[in-house]
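Colleague: Can you read through this structure? Questions will come right after.
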Amino acid sequence: MITRTRLASGACALLAALTAGLAFPAGAAAGEPTGEDAPKVNLVLDVSGSMRAKDIDGQSRMAAAKQAFNEVLDATPEEVELGIRTLGANYPGDNRKTGCKDTAQLYPVGPLDRTEAKAAVATLTPTGWTPIGPALLQAADDLDGGDGSKRIVLISDGEDTCAPLDPCEVAREIAAKGIGLTIDTLGLVPNTKLRQQLSCIAEATGGTYTSVEHTDELRDRVNQLVDRAADPVVTPVPAEGADRCPDAPTLKSGLYTDREEFGKQRWYRVDVEPGQELRASVSVGADRAVNPSYGVLLRAVTVHGREIVRGEAAGNGRTDTVSTGVRYPKADREDDPTETVCLQVTHSFSAASGVKTTPGLPLELTVDVVDGPSDSDDVASFGLGRGWWLLGVLILTGFLAGLVWGWLSRWRVSVWRTN
């Protein structure tokens, strides 16, 4: 049986309410956090000359940043290893080549000595250039090693001044390494070009961009991001899909990352035993300029090429990610062997003029093989599972309410005619 899922905002809201009581799938075997390595955060602070401007709560941007940093250091969780890197803090001259190398680790990433870190921050004085690209490359190296979560928090009040090393391209290169590093950006000036550049950097790694104009906003946002680093995260496991199913890698339950070239397709294999249900979803990210009109297709087929189920999503306009998913419950029959299901991922993104087509667009694939529904009606209840009975109650309630309302209406009309 072929099942096709189509999204509609109203239906999604109803289904979400009716299925809230369903159990979550079992934990993934791949892509799980090991819990062995401490989460790491590298705060990257712009100390260029423009940070002298006094437009944040009556004080300079540098003073606001120092105040926020001191409070963040006090609130940093004990389990987080934190470091501070600067850009534009040491070279005051006009030599562009030298100025674009001006990035240094002010406090090394590791167990936090709050007093020492605050003393280092107190020495900062707005000085030079804005080499965001070089600073991000060095900041990523500062976080190298370990399996814990890694996060860079970039705080700047101006655009990069060291092109052609485009910081957005640097962020994409970092994302392509598959090291699970997230870059969040904060802009201290409500400037359109700055917002576009910092947004691009954040989006390339799945991070966030925030515009802040007050000291307390800066402090609160950095605190949130540092706290988020301490939360358990799942790092995707690199998986190289094949051009056809027979050559595809066999995946277990987990979270995987890959890249798919324009106009190509990727295949993966999953083994499903009788009585189990395969749940798979895929997200394809547009990490560069693409043309409008795009879509993503996820198909589950047998090894003989027969389609079992498909999920698809499409759009037209600006987007960063398109996602879709499928579910396939295999009947629990003792005489049935384990079935190999082939998952095919295809997208219809096309590169804009002059945009590089390699490497391919990043995709993230989630695979869950869980115990299937125990009753046949759980499988076929339009995706409602055990929420089906609730829908029945709502329908019956509506029917009875309609009868009562109709009887009342007729009674009122009869009384009106009599009078």
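Naming works like this for the structure tokens: A, B, ... for the chains as they're shown, residue 1 at the start of each chain, ligands 1 onward in shown order.
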Compile the contact shell of Ser350 in chain A as a list in words: residues with an atom at most 10 Å away, counting only C-alpha atoms, same-chain residues fewer than 4 positions apart removed.
Modeller: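 The filter keeps Glu261, Phe262, Gly263, Ala286, Ala289, Val290, Asn291, Pro292, Ser293, Tyr294, Val355 and Thr357 of chain A.
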Colleague: Enumerate as a ChimeraX atom specification all residues of range 218-346 of chain A assigned to helix (DSSP H, G or I) by DSSP on the backbone, naming them with the chain letters and numbers the document uses.
Modeller: /A:218-230,245-247
Colleague: Give me a file of those residues, with all heavy atoms, as a CSV table (one decimal), in the first residue's frame.
Modeller:
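Wrote it out as part.csv, contents follow:
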chain,number,residue,atom,x,y,z
A,218,LEU,N,22.2,41.5,25.6
A,218,LEU,CA,23.4,40.8,25.2
A,218,LEU,C,23.7,39.8,26.3
A,218,LEU,O,24.0,38.6,26.0
A,218,LEU,CB,24.6,41.8,25.1
A,218,LEU,CG,26.0,41.2,24.8
A,218,LEU,CD1,26.0,40.5,23.5
A,218,LEU,CD2,27.0,42.4,24.8
A,219,ARG,N,23.7,40.1,27.5
A,219,ARG,CA,24.0,39.2,28.6
A,219,ARG,C,23.0,38.0,28.6
A,219,ARG,O,23.4,36.9,28.7
A,219,ARG,CB,23.8,39.9,30.0
A,219,ARG,CG,24.0,39.0,31.2
A,219,ARG,CD,23.3,39.7,32.4
A,219,ARG,NE,21.9,39.8,32.2
A,219,ARG,CZ,21.2,40.8,32.6
A,219,ARG,NH1,21.7,41.8,33.3
A,219,ARG,NH2,19.8,40.8,32.4
A,220,ASP,N,21.7,38.3,28.5
A,220,ASP,CA,20.7,37.2,28.5
A,220,ASP,C,20.9,36.2,27.3
A,220,ASP,O,20.8,35.0,27.5
A,220,ASP,CB,19.3,37.8,28.5
A,220,ASP,CG,19.0,38.5,29.8
A,220,ASP,OD1,19.7,38.3,30.8
A,220,ASP,OD2,18.0,39.3,29.8
A,221,ARG,N,21.2,36.8,26.2
A,221,ARG,CA,21.3,35.9,25.0
A,221,ARG,C,22.5,35.1,25.1
A,221,ARG,O,22.5,33.9,24.7
A,221,ARG,CB,21.3,36.8,23.7
A,221,ARG,CG,21.3,36.0,22.4
A,221,ARG,CD,20.1,35.0,22.4
A,221,ARG,NE,20.1,34.3,21.2
A,221,ARG,CZ,19.5,33.1,21.0
A,221,ARG,NH1,18.9,32.6,22.0
A,221,ARG,NH2,19.5,32.5,19.9
A,222,VAL,N,23.7,35.6,25.5
A,222,VAL,CA,24.9,34.8,25.6
A,222,VAL,C,24.7,33.8,26.6
A,222,VAL,O,25.1,32.6,26.5
A,222,VAL,CB,26.1,35.7,25.9
A,222,VAL,CG1,27.3,34.9,26.1
A,222,VAL,CG2,26.3,36.7,24.7
A,223,ASN,N,24.1,34.1,27.7
A,223,ASN,CA,23.8,33.1,28.8
A,223,ASN,C,22.9,32.0,28.2
A,223,ASN,O,23.2,30.8,28.5
A,223,ASN,CB,23.0,33.8,30.0
A,223,ASN,CG,24.0,34.2,31.1
A,223,ASN,OD1,25.0,33.6,31.3
A,223,ASN,ND2,23.6,35.3,31.8
A,224,GLN,N,21.9,32.3,27.5
A,224,GLN,CA,21.1,31.2,26.9
A,224,GLN,C,21.9,30.3,26.0
A,224,GLN,O,21.7,29.1,26.0
A,224,GLN,CB,20.0,31.9,26.0
A,224,GLN,CG,18.9,32.6,26.8
A,224,GLN,CD,17.9,33.3,26.0
A,224,GLN,OE1,18.0,33.3,24.7
A,224,GLN,NE2,17.0,34.0,26.6
A,225,LEU,N,22.8,30.9,25.2
A,225,LEU,CA,23.6,30.0,24.3
A,225,LEU,C,24.6,29.2,25.0
A,225,LEU,O,24.8,28.0,24.6
A,225,LEU,CB,24.3,30.9,23.2
A,225,LEU,CG,23.3,31.7,22.3
A,225,LEU,CD1,24.1,32.7,21.5
A,225,LEU,CD2,22.5,30.8,21.4
A,226,VAL,N,25.2,29.7,26.1
A,226,VAL,CA,26.1,28.9,26.9
A,226,VAL,C,25.4,27.8,27.6
A,226,VAL,O,25.8,26.7,27.6
A,226,VAL,CB,26.9,29.8,27.9
A,226,VAL,CG1,27.7,29.0,28.8
A,226,VAL,CG2,27.8,30.8,27.2
A,227,ASP,N,24.2,28.1,28.1
A,227,ASP,CA,23.4,27.1,28.8
A,227,ASP,C,23.0,26.0,27.8
A,227,ASP,O,22.9,24.8,28.1
A,227,ASP,CB,22.2,27.7,29.4
A,227,ASP,CG,22.5,28.5,30.7
A,227,ASP,OD1,23.6,28.3,31.2
A,227,ASP,OD2,21.7,29.3,31.1
A,228,ARG,N,22.7,26.4,26.6
A,228,ARG,CA,22.2,25.5,25.5
A,228,ARG,C,23.3,24.5,25.2
A,228,ARG,O,23.1,23.3,24.9
A,228,ARG,CB,21.8,26.2,24.3
A,228,ARG,CG,21.2,25.3,23.2
A,228,ARG,CD,20.7,26.2,22.0
A,228,ARG,NE,19.7,27.1,22.4
A,228,ARG,CZ,19.2,28.1,21.6
A,228,ARG,NH1,19.7,28.2,20.4
A,228,ARG,NH2,18.3,28.9,22.0
A,229,ALA,N,24.6,24.9,25.3
A,229,ALA,CA,25.7,24.0,25.0
A,229,ALA,C,25.8,22.9,26.0
A,229,ALA,O,26.3,21.8,25.7
A,229,ALA,CB,27.0,24.8,25.0
A,230,ALA,N,25.3,23.1,27.2
A,230,ALA,CA,25.3,22.1,28.3
A,230,ALA,C,24.2,21.1,28.1
A,230,ALA,O,24.2,20.1,28.8
A,230,ALA,CB,25.3,22.8,29.7
A,245,CYS,N,20.6,1.4,-4.9
A,245,CYS,CA,20.3,0.7,-3.6
A,245,CYS,C,21.3,-0.5,-3.4
A,245,CYS,O,21.7,-0.6,-2.2
A,245,CYS,CB,18.8,0.2,-3.7
A,245,CYS,SG,18.4,-0.7,-2.1
A,246,PRO,N,21.6,-1.3,-4.3
A,246,PRO,CA,22.5,-2.5,-4.0
A,246,PRO,C,23.8,-2.0,-3.4
A,246,PRO,O,24.5,-2.8,-2.7
A,246,PRO,CB,22.7,-3.1,-5.4
A,246,PRO,CG,21.5,-2.8,-6.1
A,246,PRO,CD,21.1,-1.4,-5.7
A,247,ASP,N,24.3,-0.8,-3.7
A,247,ASP,CA,25.6,-0.4,-3.2
A,247,ASP,C,25.4,0.5,-1.9
A,247,ASP,O,26.5,1.0,-1.4
A,247,ASP,CB,26.3,0.5,-4.3
A,247,ASP,CG,26.5,-0.3,-5.5
A,247,ASP,OD1,26.7,-1.6,-5.4
A,247,ASP,OD2,26.5,0.2,-6.6
Colleague: Would you mind telling me which residue in A:Leu112, A:Leu188, A:Leu106, A:Val41 lies nearest to Asn90 in chain A when using only C-alpha atoms?
Modeller: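 Nearest candidate to Asn90 in chain A out of A:Leu112, A:Leu188, A:Leu106, A:Val41: A:Leu106.
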Colleague: For CA of Arg61 in chain A and CA of Thr103 in chain A, determine how far apart the two atoms are, in Å to one decimal place.
Modeller: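 CA of Thr103 in chain A lies at a distance of 18.8 Å from CA of Arg61 in chain A.
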Colleague: What is the CA of Thr358 in chain A to CA of Ile201 in chain A distance in Å?
Modeller: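 Between CA of Thr358 in chain A and CA of Ile201 in chain A the gap is 18.4 Å.
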Colleague: Which distance in Å separates CA of Arg266 in chain A and CA of Lys356 in chain A, to one decimal?
Modeller: 19.7 Å
Colleague: Let's see if you can do this: from backbone DSSP, list all strand (DSSP E) residues in range 58-200 of chain A, as a list of chain:residue names.
Modeller: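 Restricting range 58-200 of chain A to strand (DSSP E) produces A:Glu81, A:Leu82, A:Gly83, A:Ile84, A:Arg85, A:Thr86, A:Leu87, A:Thr103, A:Ala104, A:Gln105, A:Leu106, A:Tyr107, A:Pro108, A:Val109, A:Gly110, A:Lys150, A:Arg151, A:Ile152, A:Val153, A:Leu154, A:Ile155, A:Ser156, A:Leu181, A:Thr182, A:Ile183, A:Asp184, A:Thr185, A:Leu186, A:Gly187.
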Colleague: Store the residues of this selection in a file with C-alpha atoms, as an mmCIF file, in the first residue's frame.
Modeller:
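File written: selection.cif
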data_model
loop_
_atom_site.group_PDB
_atom_site.id
_atom_site.type_symbol
_atom_site.label_atom_id
_atom_site.label_comp_id
_atom_site.auth_asym_id
_atom_site.auth_seq_id
_atom_site.Cartn_x
_atom_site.Cartn_y
_atom_site.Cartn_z
ATOM 1 C CA GLU A 81 34.518 24.332 29.074
ATOM 2 C CA LEU A 82 34.659 27.959 27.944
ATOM 3 C CA GLY A 83 37.185 30.035 26.012
ATOM 4 C CA ILE A 84 37.386 33.600 24.703
ATOM 5 C CA ARG A 85 38.887 34.627 21.345
ATOM 6 C CA THR A 86 39.265 38.188 20.113
ATOM 7 C CA LEU A 87 39.429 39.744 16.675
ATOM 8 C CA THR A 103 42.943 37.278 16.089
ATOM 9 C CA ALA A 104 44.097 35.705 19.345
ATOM 10 C CA GLN A 105 42.884 33.333 22.034
ATOM 11 C CA LEU A 106 42.381 35.582 25.063
ATOM 12 C CA TYR A 107 41.414 32.709 27.355
ATOM 13 C CA PRO A 108 41.949 29.057 26.300
ATOM 14 C CA VAL A 109 38.993 26.684 25.971
ATOM 15 C CA GLY A 110 38.949 24.529 29.085
ATOM 16 C CA LYS A 150 30.834 22.533 20.350
ATOM 17 C CA ARG A 151 29.525 26.068 19.979
ATOM 18 C CA ILE A 152 30.995 29.377 18.807
ATOM 19 C CA VAL A 153 29.236 32.577 19.875
ATOM 20 C CA LEU A 154 30.332 35.473 17.649
ATOM 21 C CA ILE A 155 29.638 39.041 18.838
ATOM 22 C CA SER A 156 30.345 41.844 16.372
ATOM 23 C CA LEU A 181 29.998 22.690 15.516
ATOM 24 C CA THR A 182 27.294 25.369 15.754
ATOM 25 C CA ILE A 183 27.950 29.080 15.264
ATOM 26 C CA ASP A 184 25.548 31.590 16.816
ATOM 27 C CA THR A 185 25.937 35.274 15.987
ATOM 28 C CA LEU A 186 24.939 38.487 17.758
ATOM 29 C CA GLY A 187 24.928 41.891 16.073
#
Colleague: Got a sec: who's within 8 Å of Ala122 in chain A, counting only C-alpha atoms, leaving out chain neighbours fewer than 3 positions off, as a list in words?
Modeller: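 Once the nearby chain positions are removed, what remains is Lys66, Lys118 and Ala119 of chain A.
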Colleague: Selection from above, N, CA and C atoms, as an mmCIF file, in the first residue's frame, can you write it?
Modeller:
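Below is the file selection-v9.cif, written as the result:
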data_model
loop_
_atom_site.group_PDB
_atom_site.id
_atom_site.type_symbol
_atom_site.label_atom_id
_atom_site.label_comp_id
_atom_site.auth_asym_id
_atom_site.auth_seq_id
_atom_site.Cartn_x
_atom_site.Cartn_y
_atom_site.Cartn_z
ATOM 1 N N LYS A 66 31.950 44.017 27.914
ATOM 2 C CA LYS A 66 32.689 43.592 29.107
ATOM 3 C C LYS A 66 31.741 43.299 30.268
ATOM 4 N N LYS A 118 37.872 36.920 33.852
ATOM 5 C CA LYS A 118 37.438 38.309 33.999
ATOM 6 C C LYS A 118 38.615 39.271 33.903
ATOM 7 N N ALA A 119 39.748 38.882 34.475
ATOM 8 C CA ALA A 119 40.941 39.734 34.397
ATOM 9 C C ALA A 119 41.393 39.895 32.951
#
Colleague: Skipping near chain neighbours, those fewer than 2 positions away, what residues fall within 6 Å of Ala300 in chain A using only C-alpha atoms, listed as a list of chain:residue names?
Modeller: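 Skipping anything fewer than 2 positions along the chain leaves A:Ile308, A:Val309, A:Cys342, A:Leu343.
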Colleague: Using only C-alpha atoms, can you tell me which of A:Ala314, A:Val326, A:Leu361, A:Leu403 comes closest to Val301 in chain A?
Modeller: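 For Val301 in chain A, the nearest of the given residues is A:Val326.
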Colleague: Could you list, as a PyMOL selection string, every residue within 10 Å of Glu203 in chain A, counting only C-alpha atoms and ignoring same-chain residues fewer than 2 positions away?
Modeller: chain A and resi 168+171-172+175+182-185+198-201+205-209+285-288+320-321
Colleague: Restricted to N, CA and C atoms, what would the selected residues look like written as an mmCIF file, in the first residue's frame?
Modeller:
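Writing done, so here's selection-v4.cif:
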data_model
loop_
_atom_site.group_PDB
_atom_site.id
_atom_site.type_symbol
_atom_site.label_atom_id
_atom_site.label_comp_id
_atom_site.auth_asym_id
_atom_site.auth_seq_id
_atom_site.Cartn_x
_atom_site.Cartn_y
_atom_site.Cartn_z
ATOM 1 N N CYS A 168 31.049 33.894 5.503
ATOM 2 C CA CYS A 168 29.940 32.975 5.255
ATOM 3 C C CYS A 168 30.445 31.679 4.620
ATOM 4 N N ALA A 171 32.113 29.624 7.263
ATOM 5 C CA ALA A 171 31.139 28.878 8.068
ATOM 6 C C ALA A 171 30.662 27.635 7.334
ATOM 7 N N ARG A 172 30.475 27.739 6.039
ATOM 8 C CA ARG A 172 30.038 26.575 5.251
ATOM 9 C C ARG A 172 31.127 25.502 5.220
ATOM 10 N N ALA A 175 30.952 23.748 8.481
ATOM 11 C CA ALA A 175 29.805 22.837 8.513
ATOM 12 C C ALA A 175 30.078 21.578 7.695
ATOM 13 N N THR A 182 28.335 24.378 16.030
ATOM 14 C CA THR A 182 27.294 25.369 15.754
ATOM 15 C C THR A 182 27.842 26.769 16.004
ATOM 16 N N ILE A 183 27.540 27.685 15.095
ATOM 17 C CA ILE A 183 27.950 29.080 15.264
ATOM 18 C C ILE A 183 26.705 29.937 15.439
ATOM 19 N N ASP A 184 26.611 30.609 16.573
ATOM 20 C CA ASP A 184 25.548 31.590 16.816
ATOM 21 C C ASP A 184 26.158 32.981 16.717
ATOM 22 N N THR A 185 25.406 33.924 16.192
ATOM 23 C CA THR A 185 25.937 35.274 15.987
ATOM 24 C C THR A 185 25.033 36.311 16.645
ATOM 25 N N LEU A 198 25.906 38.115 9.280
ATOM 26 C CA LEU A 198 25.855 37.301 10.488
ATOM 27 C C LEU A 198 24.774 36.224 10.390
ATOM 28 N N SER A 199 23.670 36.522 9.729
ATOM 29 C CA SER A 199 22.624 35.512 9.528
ATOM 30 C C SER A 199 23.134 34.378 8.664
ATOM 31 N N CYS A 200 23.874 34.719 7.626
ATOM 32 C CA CYS A 200 24.418 33.706 6.717
ATOM 33 C C CYS A 200 25.391 32.795 7.466
ATOM 34 N N ILE A 201 26.229 33.374 8.307
ATOM 35 C CA ILE A 201 27.186 32.579 9.094
ATOM 36 C C ILE A 201 26.442 31.598 9.993
ATOM 37 N N THR A 205 25.591 26.753 9.771
ATOM 38 C CA THR A 205 25.903 25.706 10.753
ATOM 39 C C THR A 205 24.705 25.339 11.628
ATOM 40 N N GLY A 206 23.520 25.819 11.247
ATOM 41 C CA GLY A 206 22.344 25.525 12.058
ATOM 42 C C GLY A 206 22.240 26.363 13.306
ATOM 43 N N GLY A 207 22.947 27.494 13.347
ATOM 44 C CA GLY A 207 22.904 28.372 14.509
ATOM 45 C C GLY A 207 21.845 29.451 14.377
ATOM 46 N N THR A 208 21.920 30.447 15.238
ATOM 47 C CA THR A 208 20.926 31.522 15.265
ATOM 48 C C THR A 208 21.605 32.878 15.178
ATOM 49 N N TYR A 209 20.867 33.859 14.666
ATOM 50 C CA TYR A 209 21.333 35.250 14.651
ATOM 51 C C TYR A 209 20.397 36.072 15.530
ATOM 52 N N GLY A 285 19.270 21.135 3.347
ATOM 53 C CA GLY A 285 19.505 22.549 3.610
ATOM 54 C C GLY A 285 20.079 23.275 2.410
ATOM 55 N N ALA A 286 19.592 24.474 2.175
ATOM 56 C CA ALA A 286 20.122 25.326 1.099
ATOM 57 C C ALA A 286 21.207 26.210 1.707
ATOM 58 N N ASP A 287 22.457 25.754 1.658
ATOM 59 C CA ASP A 287 23.547 26.503 2.287
ATOM 60 C C ASP A 287 24.222 27.467 1.334
ATOM 61 N N ARG A 288 23.578 27.740 0.224
ATOM 62 C CA ARG A 288 24.080 28.727 -0.741
ATOM 63 C C ARG A 288 22.892 29.253 -1.540
ATOM 64 N N ASP A 320 15.561 27.833 3.892
ATOM 65 C CA ASP A 320 16.843 27.316 4.339
ATOM 66 C C ASP A 320 16.828 25.796 4.381
ATOM 67 N N THR A 321 15.673 25.205 4.728
ATOM 68 C CA THR A 321 15.581 23.764 4.873
ATOM 69 C C THR A 321 14.215 23.278 4.408
#
